[in-house]
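**Q** My file is query_7.cif. It has mmCIF, C-alpha atoms:
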```cif
data_model
loop_
_atom_site.label_atom_id
_atom_site.label_comp_id
_atom_site.auth_asym_id
_atom_site.auth_seq_id
_atom_site.Cartn_x
_atom_site.Cartn_y
_atom_site.Cartn_z
CA MET A 1 118.80 109.65 40.72
CA LEU A 2 116.17 111.56 42.71
CA LYS A 3 114.33 108.32 43.51
CA LYS A 4 117.54 106.80 44.80
CA ARG A 5 118.09 109.78 47.08
CA TRP A 6 114.55 109.62 48.47
CA PHE A 7 114.93 105.89 48.98
CA LYS A 8 118.18 106.42 50.95
CA LEU A 9 116.51 109.15 53.00
CA PHE A 10 113.53 106.88 53.64
CA ILE A 11 115.80 104.02 54.78
CA PHE A 12 117.78 106.40 57.00
CA LEU A 13 114.59 107.72 58.64
CA MET A 14 113.30 104.18 59.17
CA VAL A 15 116.55 103.17 60.87
CA VAL A 16 116.43 106.26 63.09
CA ALA A 17 112.80 105.51 63.97
CA VAL A 18 113.56 101.89 64.85
CA VAL A 19 116.55 102.89 67.01
CA PHE A 20 114.44 105.55 68.72
CA LEU A 21 111.67 103.05 69.46
CA LEU A 22 114.12 100.49 70.81
CA VAL A 23 115.79 103.03 73.10
CA TRP A 24 112.43 104.44 74.23
CA LYS A 25 111.03 100.98 74.99
CA LYS A 26 114.18 99.99 76.91
CA LYS A 27 114.03 103.20 78.95
CA GLU A 28 110.35 102.59 79.70
CA HIS A 29 111.21 99.04 80.82
CA VAL A 30 113.96 100.35 83.13
CA ASN A 31 111.54 102.83 84.71
CA ILE A 32 108.92 100.12 85.23
CA THR A 33 111.54 97.79 86.72
CA GLU A 34 112.86 100.50 89.06
CA ASP A 35 109.31 101.34 90.13
CA LYS A 36 108.50 97.68 90.79
CA ALA A 37 111.73 97.25 92.77
CA ALA A 38 110.83 100.27 94.91
CA LYS A 39 107.35 98.85 95.57
CA CYS A 40 108.83 95.45 96.50
CA LEU A 41 111.21 97.17 98.91
CA GLU A 42 108.26 99.07 100.39
CA LEU A 43 106.38 95.82 100.96
CA MET A 44 109.43 94.17 102.55
CA ASN A 45 109.67 97.15 104.91
CA VAL A 46 105.99 96.75 105.83
CA ASP A 47 106.67 93.08 106.63
CA ARG A 48 109.65 94.13 108.79
CA GLU A 49 107.48 96.68 110.62
CA PHE A 50 104.99 93.89 111.24
CA SER A 51 107.80 91.74 112.71
CA ASP A 52 109.14 94.63 114.79
CA MET A 53 105.69 95.20 116.29
CA SER A 54 105.43 91.48 117.07
CA LYS A 55 108.78 91.61 118.94
CA GLU A 56 107.91 94.81 120.81
CA LYS A 57 104.19 94.45 121.56
CA GLY A 58 103.51 90.76 121.02
CA MET A 59 102.33 88.62 118.16
CA LYS A 60 98.65 89.12 118.95
CA THR A 61 98.83 92.92 118.83
CA ALA A 62 100.84 92.88 115.61
CA TYR A 63 98.52 90.50 113.78
CA ILE A 64 95.40 92.33 114.89
CA ASP A 65 96.91 95.61 113.66
CA PHE A 66 98.11 94.28 110.30
CA ILE A 67 95.47 91.72 109.28
CA ASP A 68 92.83 92.65 106.72
CA SER A 69 89.22 92.35 107.87
CA ASN A 70 88.90 89.47 105.39
CA GLY A 71 92.35 88.06 106.20
CA VAL A 72 92.97 84.33 106.34
CA MET A 73 95.37 82.42 108.59
CA LEU A 74 96.49 78.92 107.69
CA ARG A 75 97.63 76.95 110.72
CA PRO A 76 98.80 73.32 111.02
CA ASN A 77 96.07 70.77 111.70
CA GLN A 78 93.31 73.39 111.45
CA MET A 79 90.87 74.54 108.84
CA PRO A 80 91.62 78.02 107.41
CA ILE A 81 90.67 80.76 109.84
CA ALA A 82 89.15 83.72 108.00
CA GLY A 83 87.81 87.22 108.63
CA ALA A 84 86.20 87.79 112.02
CA ASN A 85 87.11 84.23 113.05
CA ALA A 86 90.79 85.06 112.48
CA ILE A 87 90.48 88.10 114.74
CA ASP A 88 88.70 86.00 117.40
CA TYR A 89 91.43 83.35 117.11
CA LEU A 90 94.12 86.00 117.60
CA ILE A 91 92.38 87.56 120.59
CA GLN A 92 92.31 84.17 122.32
CA GLN A 93 96.05 83.56 121.86
CA ASP A 94 98.36 83.86 124.86
CA ASP A 95 101.56 85.24 123.38
CA GLY A 96 103.24 86.11 126.69
CA ALA A 97 105.26 82.90 126.78
CA TYR A 98 107.19 83.45 123.55
CA ALA A 99 108.53 86.02 121.14
CA LEU A 100 107.84 85.73 117.42
CA SER A 101 109.83 87.58 114.79
CA TRP A 102 110.70 87.07 111.14
CA GLU A 103 112.81 88.43 108.33
CA PRO A 104 111.46 88.70 104.80
CA GLN A 105 113.74 87.25 102.14
CA HIS A 106 111.82 88.35 99.05
CA ALA A 107 108.78 90.29 97.87
CA GLU A 108 106.82 90.53 94.64
CA ILE A 109 104.18 93.05 93.61
CA SER A 110 101.38 92.69 91.07
CA GLU A 111 101.44 94.85 87.95
CA SER A 112 98.56 96.88 89.36
CA GLY A 113 100.56 97.53 92.55
CA ASP A 114 97.72 96.61 94.90
CA MET A 115 98.66 93.00 95.72
CA GLY A 116 101.92 91.42 96.73
CA PHE A 117 103.57 88.72 98.74
CA THR A 118 106.54 88.31 101.01
CA TYR A 119 108.25 85.21 102.26
CA GLY A 120 111.07 84.52 104.66
CA ILE A 121 112.21 82.85 107.83
CA TYR A 122 110.59 83.19 111.22
CA LEU A 123 111.99 82.67 114.70
CA LEU A 124 109.81 81.52 117.58
CA HIS A 125 111.63 81.90 120.88
CA PRO A 126 109.97 80.52 124.02
CA LYS A 127 110.81 82.73 127.00
CA SER A 128 111.00 79.87 129.52
CA ILE A 129 113.64 77.74 127.78
CA ASP A 130 116.82 78.49 125.91
CA THR A 131 115.84 77.22 122.49
CA SER A 132 114.44 78.58 119.26
CA VAL A 133 112.21 77.22 116.55
CA TYR A 134 112.79 78.35 112.99
CA GLY A 135 110.43 78.04 110.09
CA THR A 136 109.35 79.60 106.83
CA TYR A 137 106.37 81.82 106.16
CA THR A 138 104.49 83.46 103.34
CA ASN A 139 102.37 86.59 103.67
CA ILE A 140 100.04 87.80 100.95
CA TRP A 141 99.26 91.51 101.14
CA ARG A 142 96.61 93.84 99.72
CA LYS A 143 97.04 97.58 99.50
CA GLN A 144 94.11 99.52 100.94
CA GLN A 145 92.59 102.66 99.43
CA ASP A 146 94.42 104.72 102.05
CA GLY A 147 97.74 103.28 100.82
CA LYS A 148 98.31 101.04 103.84
CA TRP A 149 99.19 97.38 103.26
CA LYS A 150 97.07 94.78 105.07
CA LEU A 151 97.75 91.10 105.54
CA LEU A 152 95.39 89.06 103.38
CA LEU A 153 96.80 85.57 103.98
CA ASN A 154 99.44 84.17 106.34
CA THR A 155 100.84 80.69 106.36
CA SER A 156 103.92 79.16 107.92
CA ASN A 157 105.82 75.92 107.99
CA GLU A 158 107.92 74.83 110.95
CA GLY A 159 111.47 73.74 110.36
CA VAL A 160 114.34 75.13 108.39
CA GLY A 161 118.00 74.16 108.34
CA GLN A 162 120.42 76.59 109.93
#
```
Here is the file; what I need is its structure written in the form of C-alpha coordinates.

**A**
Amino acid sequence: MLKKRWFKLFIFLMVVAVVFLLVWKKKEHVNITEDKAAKCLELMNVDREFSDMSKEKGMKTAYIDFIDSNGVMLRPNQMPIAGANAIDYLIQQDDGAYALSWEPQHAEISESGDMGFTYGIYLLHPKSIDTSVYGTYTNIWRKQQDGKWKLLLNTSNEGVGQ
(Lines of atoms letter the chains of each structure in order from A and count residues from 1; the text may use other names and numbers.)
(Lines give C-alpha, C1' and ligand atoms only; values in the text may rest on other atoms or scores of the structure.)
Protein backbone atom coordinates (compact mmCIF):
# COMPACT_ATOMS: atom_id res chain seq x y z
CA MET A 1 0.00 0.00 0.00
CA LEU A 2 2.82 2.41 0.89
CA LYS A 3 4.58 1.67 -2.41
CA LYS A 4 1.40 2.43 -4.30
CA ARG A 5 1.10 5.78 -2.53
CA TRP A 6 4.70 6.72 -3.28
CA PHE A 7 4.22 5.68 -6.88
CA LYS A 8 1.12 7.91 -7.19
CA LEU A 9 3.00 10.78 -5.58
CA PHE A 10 5.93 10.21 -7.92
CA ILE A 11 3.63 10.22 -10.99
CA PHE A 12 1.88 13.36 -9.73
CA LEU A 13 5.21 15.17 -9.23
CA MET A 14 6.40 14.10 -12.68
CA VAL A 15 3.22 15.45 -14.28
CA VAL A 16 3.58 18.73 -12.39
CA ALA A 17 7.23 18.97 -13.47
CA VAL A 18 6.40 18.33 -17.12
CA VAL A 19 3.58 20.90 -17.08
CA PHE A 20 5.88 23.41 -15.39
CA LEU A 21 8.60 22.86 -18.00
CA LEU A 22 6.14 23.20 -20.87
CA VAL A 23 4.70 26.44 -19.49
CA TRP A 24 8.17 27.81 -18.71
CA LYS A 25 9.49 26.98 -22.19
CA LYS A 26 6.43 28.53 -23.85
CA LYS A 27 6.82 31.70 -21.79
CA GLU A 28 10.51 31.87 -22.68
CA HIS A 29 9.59 31.48 -26.36
CA VAL A 30 7.04 34.31 -26.11
CA ASN A 31 9.63 36.60 -24.53
CA ILE A 32 12.17 35.77 -27.24
CA THR A 33 9.57 36.34 -29.95
CA GLU A 34 8.49 39.67 -28.44
CA ASP A 35 12.13 40.75 -28.15
CA LYS A 36 12.84 39.78 -31.76
CA ALA A 37 9.72 41.62 -32.95
CA ALA A 38 10.86 44.75 -31.10
CA LYS A 39 14.31 44.52 -32.69
CA CYS A 40 12.78 44.07 -36.16
CA LEU A 41 10.60 47.13 -35.58
CA GLU A 42 13.70 49.06 -34.49
CA LEU A 43 15.49 48.10 -37.70
CA MET A 44 12.49 49.07 -39.84
CA ASN A 45 12.50 52.46 -38.10
CA VAL A 46 16.21 52.87 -38.88
CA ASP A 47 15.45 52.13 -42.54
CA ARG A 48 12.64 54.73 -42.46
CA GLU A 49 15.01 57.30 -40.91
CA PHE A 50 17.43 56.53 -43.74
CA SER A 51 14.64 57.17 -46.28
CA ASP A 52 13.53 60.35 -44.50
CA MET A 53 17.08 61.70 -44.63
CA SER A 54 17.25 60.85 -48.34
CA LYS A 55 14.03 62.84 -48.97
CA GLU A 56 15.12 65.80 -46.84
CA LYS A 57 18.86 66.08 -47.51
CA GLY A 58 19.37 64.01 -50.65
CA MET A 59 20.31 60.44 -51.42
CA LYS A 60 24.04 61.12 -51.33
CA THR A 61 23.99 62.59 -47.81
CA ALA A 62 21.79 59.79 -46.50
CA TYR A 63 23.91 56.99 -47.93
CA ILE A 64 27.16 58.53 -46.74
CA ASP A 65 25.70 58.88 -43.24
CA PHE A 66 24.25 55.37 -43.04
CA ILE A 67 26.73 53.20 -44.97
CA ASP A 68 29.25 51.07 -43.08
CA SER A 69 32.91 51.74 -43.86
CA ASN A 70 32.97 48.27 -45.45
CA GLY A 71 29.53 48.66 -47.04
CA VAL A 72 28.78 47.29 -50.49
CA MET A 73 26.46 48.71 -53.14
CA LEU A 74 25.15 46.52 -55.95
CA ARG A 75 24.13 48.54 -58.99
CA PRO A 76 22.85 47.40 -62.40
CA ASN A 77 25.52 46.76 -65.03
CA GLN A 78 28.35 47.43 -62.56
CA MET A 79 30.68 45.37 -60.45
CA PRO A 80 29.97 45.56 -56.69
CA ILE A 81 31.16 48.83 -55.21
CA ALA A 82 32.67 48.28 -51.76
CA GLY A 83 34.17 50.21 -48.85
CA ALA A 84 36.00 53.41 -49.76
CA ASN A 85 35.02 52.93 -53.42
CA ALA A 86 31.35 53.02 -52.39
CA ILE A 87 31.90 56.31 -50.57
CA ASP A 88 33.76 57.73 -53.60
CA TYR A 89 30.93 56.56 -55.87
CA LEU A 90 28.36 58.29 -53.64
CA ILE A 91 30.34 61.52 -53.47
CA GLN A 92 30.39 61.69 -57.28
CA GLN A 93 26.61 61.27 -57.60
CA ASP A 94 24.50 64.28 -58.56
CA ASP A 95 21.27 63.74 -56.67
CA GLY A 96 19.82 67.21 -57.24
CA ALA A 97 17.69 66.11 -60.18
CA TYR A 98 15.59 63.53 -58.33
CA ALA A 99 14.21 62.51 -54.98
CA LEU A 100 14.67 58.96 -53.70
CA SER A 101 12.59 57.47 -50.91
CA TRP A 102 11.48 54.02 -49.85
CA GLU A 103 9.26 52.17 -47.42
CA PRO A 104 10.41 48.98 -45.72
CA GLN A 105 7.91 46.13 -45.92
CA HIS A 106 9.69 43.65 -43.66
CA ALA A 107 12.72 43.17 -41.43
CA GLU A 108 14.49 40.20 -39.88
CA ILE A 109 17.15 40.12 -37.18
CA SER A 110 19.79 37.47 -36.48
CA GLU A 111 19.61 35.54 -33.22
CA SER A 112 22.64 37.46 -31.98
CA GLY A 113 20.86 40.76 -32.70
CA ASP A 114 23.80 42.32 -34.53
CA MET A 115 22.78 41.64 -38.15
CA GLY A 116 19.54 42.12 -39.98
CA PHE A 117 17.91 42.95 -43.26
CA THR A 118 15.07 45.05 -44.55
CA TYR A 119 13.33 45.01 -47.88
CA GLY A 120 10.64 47.10 -49.47
CA ILE A 121 9.63 49.36 -52.30
CA TYR A 122 11.46 52.48 -53.41
CA LEU A 123 10.24 55.52 -55.32
CA LEU A 124 12.56 57.50 -57.58
CA HIS A 125 10.95 60.78 -58.58
CA PRO A 126 12.74 62.95 -61.16
CA LYS A 127 12.16 66.62 -60.38
CA SER A 128 12.03 67.74 -64.03
CA ILE A 129 9.21 65.46 -65.22
CA ASP A 130 5.95 64.29 -63.73
CA THR A 131 6.68 60.60 -63.48
CA SER A 132 7.93 58.13 -60.92
CA VAL A 133 9.94 54.96 -61.05
CA TYR A 134 9.19 52.23 -58.53
CA GLY A 135 11.36 49.30 -57.63
CA THR A 136 12.30 46.92 -54.87
CA TYR A 137 15.31 47.02 -52.59
CA THR A 138 17.08 45.01 -49.95
CA ASN A 139 19.32 46.46 -47.25
CA ILE A 140 21.53 44.32 -45.04
CA TRP A 141 22.46 45.98 -41.76
CA ARG A 142 25.10 45.47 -39.06
CA LYS A 143 24.79 46.85 -35.56
CA GLN A 144 27.87 48.76 -34.43
CA GLN A 145 29.41 48.58 -30.95
CA ASP A 146 27.82 51.94 -30.15
CA GLY A 147 24.38 50.45 -30.92
CA LYS A 148 23.91 52.31 -34.21
CA TRP A 149 22.86 50.33 -37.29
CA LYS A 150 24.99 50.75 -40.42
CA LEU A 151 24.21 49.70 -43.96
CA LEU A 152 26.36 46.73 -44.94
CA LEU A 153 24.86 45.93 -48.35
CA ASN A 154 22.32 47.68 -50.58
CA THR A 155 20.80 46.35 -53.75
CA SER A 156 17.76 47.34 -55.76
CA ASN A 157 15.76 46.21 -58.73
CA GLU A 158 13.80 48.59 -60.93
CA GLY A 159 10.19 47.84 -61.65
CA VAL A 160 7.25 46.83 -59.53
CA GLY A 161 3.57 46.63 -60.37
CA GLN A 162 1.33 49.25 -58.80

**Q** Once the PyMOL selection byres ((chain A and resi 93-101) around 7) has been evaluated on this model, what residues remain selected, and can you format them as a list of chain:residue names?

**A**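 So the PyMOL selection byres ((chain A and resi 93-101) around 7) ends up selecting A:Ser51, A:Ser54, A:Lys55, A:Gly58, A:Met59, A:Lys60, A:Tyr89, A:Leu90, A:Ile91, A:Gln92, A:Trp102, A:Tyr122, A:Leu123, A:Leu124, A:His125, A:Pro126, A:Lys127.
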
**Q** Would you give the centre and edge lengths, in Å to one decimal, of a box along x, y and z around the listed atoms of region 77-88 of chain A, with 5 Å added to each side, as AutoDock Vina command-line options?

**A**
```
--center_x 91.1 --center_y 79.4 --center_z 112.4 --size_x 19.9 --size_y 27.3 --size_z 20.0
```

**Q** What is the distance between CA of Ala62 (chain A) and CA of Met44 (chain A), in Å to one decimal?

**A**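 Spanning CA of Ala62 (chain A) to CA of Met44 (chain A) is a straight-line distance of 15.7 Å.
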
**Q** Name the residues captured by the PyMOL selection byres ((chain A and resi 76-79) around 9) when it is applied to the shown file; answer as a list in words.

**A**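 Evaluating the PyMOL selection byres ((chain A and resi 76-79) around 9) on these coordinates yields Leu74, Arg75, Pro80, Ile81, Thr155, Ser156 and Asn157 of chain A.
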
**Q** Can you build me a table of region 45-75 of chain A residues sitting at most 10 Å from region 139-148 of chain A, with the closest atom pair per residue and its distance in Å to one decimal, using all atoms listed in the file, sorted by chain and residue number, as JSON lines?

**A**
```
{"residue": "A:Val46", "atom": "CA", "partner": "A:Lys148", "partner_atom": "CA", "distance": 9.0}
{"residue": "A:Asp47", "atom": "CA", "partner": "A:Asn139", "partner_atom": "CA", "distance": 8.3}
{"residue": "A:Phe66", "atom": "CA", "partner": "A:Lys148", "partner_atom": "CA", "distance": 9.4}
{"residue": "A:Ile67", "atom": "CA", "partner": "A:Trp141", "partner_atom": "CA", "distance": 9.0}
{"residue": "A:Asp68", "atom": "CA", "partner": "A:Arg142", "partner_atom": "CA", "distance": 8.0}
{"residue": "A:Gly71", "atom": "CA", "partner": "A:Trp141", "partner_atom": "CA", "distance": 9.2}
{"residue": "A:Val72", "atom": "CA", "partner": "A:Ile140", "partner_atom": "CA", "distance": 9.5}
{"residue": "A:Met73", "atom": "CA", "partner": "A:Asn139", "partner_atom": "CA", "distance": 9.5}
```

**Q** Within 7 Å of (108.6, 81.8, 104.7) in the file's own coordinates, which protein, DNA or RNA residues have an atom, counting all atoms listed in the file? List them as number ranges by chain.

**A** A: 119-122, 135-138, 156

**Q** Just to confirm, what's the straight-line distance from CA of Phe117 (chain A) to CA of Phe50 (chain A) in Å (one decimal)?

**A**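 Interatomic distance here is 13.6 Å.
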
**Q** One decimal, Å: what's the distance from CA of Glu34 (chain A) over to CA of Gly116 (chain A), could you say?

**A**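 These two atoms are separated by 16.2 Å.
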
**Q** Nearest to Ile109 (chain A) among A:Ile64, A:Trp149, A:Tyr134, A:Val160, with distances taken over all atoms listed in the file: which residue is it?

**A** A:Trp149

**Q** Counting only C-alpha atoms, which of A:Asn70, A:Lys39, A:Val133, A:Ala86 gets nearest to Gly159 (chain A)?

**A** A:Val133

**Q** Using all atoms listed in the file, which of A:Met115, A:Ala82, A:Ala107, A:Ala38 sits nearest Lys150 (chain A)?

**A**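 Going through A:Met115, A:Ala82, A:Ala107, A:Ala38 one by one, the smallest distance to Lys150 (chain A) is for A:Met115.
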
**Q** With distances taken over all atoms listed in the file, which residue among A:Ser69, A:Met53, A:Gln105, A:Glu42 lies nearest Asn85 (chain A)?

**A**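 That would be A:Ser69, the residue with the smallest distance to Asn85 (chain A).
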
**Q** Please return region 60-93 of chain A, rebuilt to N, CA and C atoms, as a tab-separated table (two decimals), in the coordinates of the input.

**A**
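out-v8.tsv, written as the output of this step:
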```tsv
chain	number	residue	atom	x	y	z
A	60	LYS	N	100.09	88.85	119.04
A	60	LYS	CA	98.65	89.12	118.95
A	60	LYS	C	98.38	90.56	118.52
A	61	THR	N	99.02	91.50	119.16
A	61	THR	CA	98.83	92.92	118.83
A	61	THR	C	99.23	93.20	117.38
A	62	ALA	N	100.37	92.64	116.97
A	62	ALA	CA	100.84	92.88	115.61
A	62	ALA	C	99.88	92.33	114.57
A	63	TYR	N	99.44	91.09	114.76
A	63	TYR	CA	98.52	90.50	113.78
A	63	TYR	C	97.20	91.25	113.73
A	64	ILE	N	96.67	91.61	114.87
A	64	ILE	CA	95.40	92.33	114.89
A	64	ILE	C	95.53	93.68	114.18
A	65	ASP	N	96.69	94.32	114.32
A	65	ASP	CA	96.91	95.61	113.66
A	65	ASP	C	97.09	95.46	112.16
A	66	PHE	N	97.75	94.41	111.71
A	66	PHE	CA	98.11	94.28	110.30
A	66	PHE	C	97.14	93.45	109.46
A	67	ILE	N	96.32	92.61	110.08
A	67	ILE	CA	95.47	91.72	109.28
A	67	ILE	C	94.29	92.46	108.66
A	68	ASP	N	93.99	92.12	107.44
A	68	ASP	CA	92.83	92.65	106.72
A	68	ASP	C	91.55	92.10	107.36
A	69	SER	N	90.47	92.83	107.27
A	69	SER	CA	89.22	92.35	107.87
A	69	SER	C	88.74	91.04	107.25
A	70	ASN	N	89.21	90.74	106.05
A	70	ASN	CA	88.90	89.47	105.39
A	70	ASN	C	90.11	88.54	105.36
A	71	GLY	N	91.11	88.83	106.19
A	71	GLY	CA	92.35	88.06	106.20
A	71	GLY	C	92.14	86.60	106.58
A	72	VAL	N	93.04	85.77	106.10
A	72	VAL	CA	92.97	84.33	106.34
A	72	VAL	C	94.29	83.87	106.96
A	73	MET	N	94.19	83.02	107.96
A	73	MET	CA	95.37	82.42	108.59
A	73	MET	C	95.30	80.92	108.36
A	74	LEU	N	96.39	80.36	107.87
A	74	LEU	CA	96.49	78.92	107.69
A	74	LEU	C	97.41	78.38	108.77
A	75	ARG	N	96.88	77.50	109.61
A	75	ARG	CA	97.63	76.95	110.72
A	75	ARG	C	97.65	75.43	110.62
A	76	PRO	N	98.72	74.79	111.10
A	76	PRO	CA	98.80	73.32	111.02
A	76	PRO	C	97.63	72.65	111.73
A	77	ASN	N	97.13	71.61	111.13
A	77	ASN	CA	96.07	70.77	111.70
A	77	ASN	C	94.78	71.53	111.99
A	78	GLN	N	94.54	72.62	111.28
A	78	GLN	CA	93.31	73.39	111.45
A	78	GLN	C	92.77	73.78	110.08
A	79	MET	N	91.48	73.99	110.04
A	79	MET	CA	90.87	74.54	108.84
A	79	MET	C	91.32	76.00	108.73
A	80	PRO	N	91.28	76.59	107.53
A	80	PRO	CA	91.62	78.02	107.41
A	80	PRO	C	90.75	78.87	108.33
A	81	ILE	N	91.37	79.86	108.92
A	81	ILE	CA	90.67	80.76	109.84
A	81	ILE	C	90.56	82.10	109.12
A	82	ALA	N	89.34	82.55	108.85
A	82	ALA	CA	89.15	83.72	108.00
A	82	ALA	C	88.32	84.82	108.66
A	83	GLY	N	88.60	86.05	108.24
A	83	GLY	CA	87.81	87.22	108.63
A	83	GLY	C	87.70	87.41	110.13
A	84	ALA	N	86.46	87.57	110.60
A	84	ALA	CA	86.20	87.79	112.02
A	84	ALA	C	86.70	86.61	112.86
A	85	ASN	N	86.61	85.41	112.31
A	85	ASN	CA	87.11	84.23	113.05
A	85	ASN	C	88.62	84.32	113.27
A	86	ALA	N	89.35	84.88	112.31
A	86	ALA	CA	90.79	85.06	112.48
A	86	ALA	C	91.08	86.04	113.61
A	87	ILE	N	90.31	87.12	113.66
A	87	ILE	CA	90.48	88.10	114.74
A	87	ILE	C	90.17	87.44	116.09
A	88	ASP	N	89.06	86.69	116.15
A	88	ASP	CA	88.70	86.00	117.40
A	88	ASP	C	89.80	85.02	117.81
A	89	TYR	N	90.34	84.29	116.84
A	89	TYR	CA	91.43	83.35	117.11
A	89	TYR	C	92.63	84.08	117.70
A	90	LEU	N	92.98	85.22	117.11
A	90	LEU	CA	94.12	86.00	117.60
A	90	LEU	C	93.90	86.52	119.01
A	91	ILE	N	92.71	87.02	119.27
A	91	ILE	CA	92.38	87.56	120.59
A	91	ILE	C	92.55	86.50	121.67
A	92	GLN	N	92.23	85.26	121.34
A	92	GLN	CA	92.31	84.17	122.32
A	92	GLN	C	93.73	83.66	122.55
A	93	GLN	N	94.68	84.07	121.73
A	93	GLN	CA	96.05	83.56	121.86
A	93	GLN	C	96.76	84.19	123.05
```
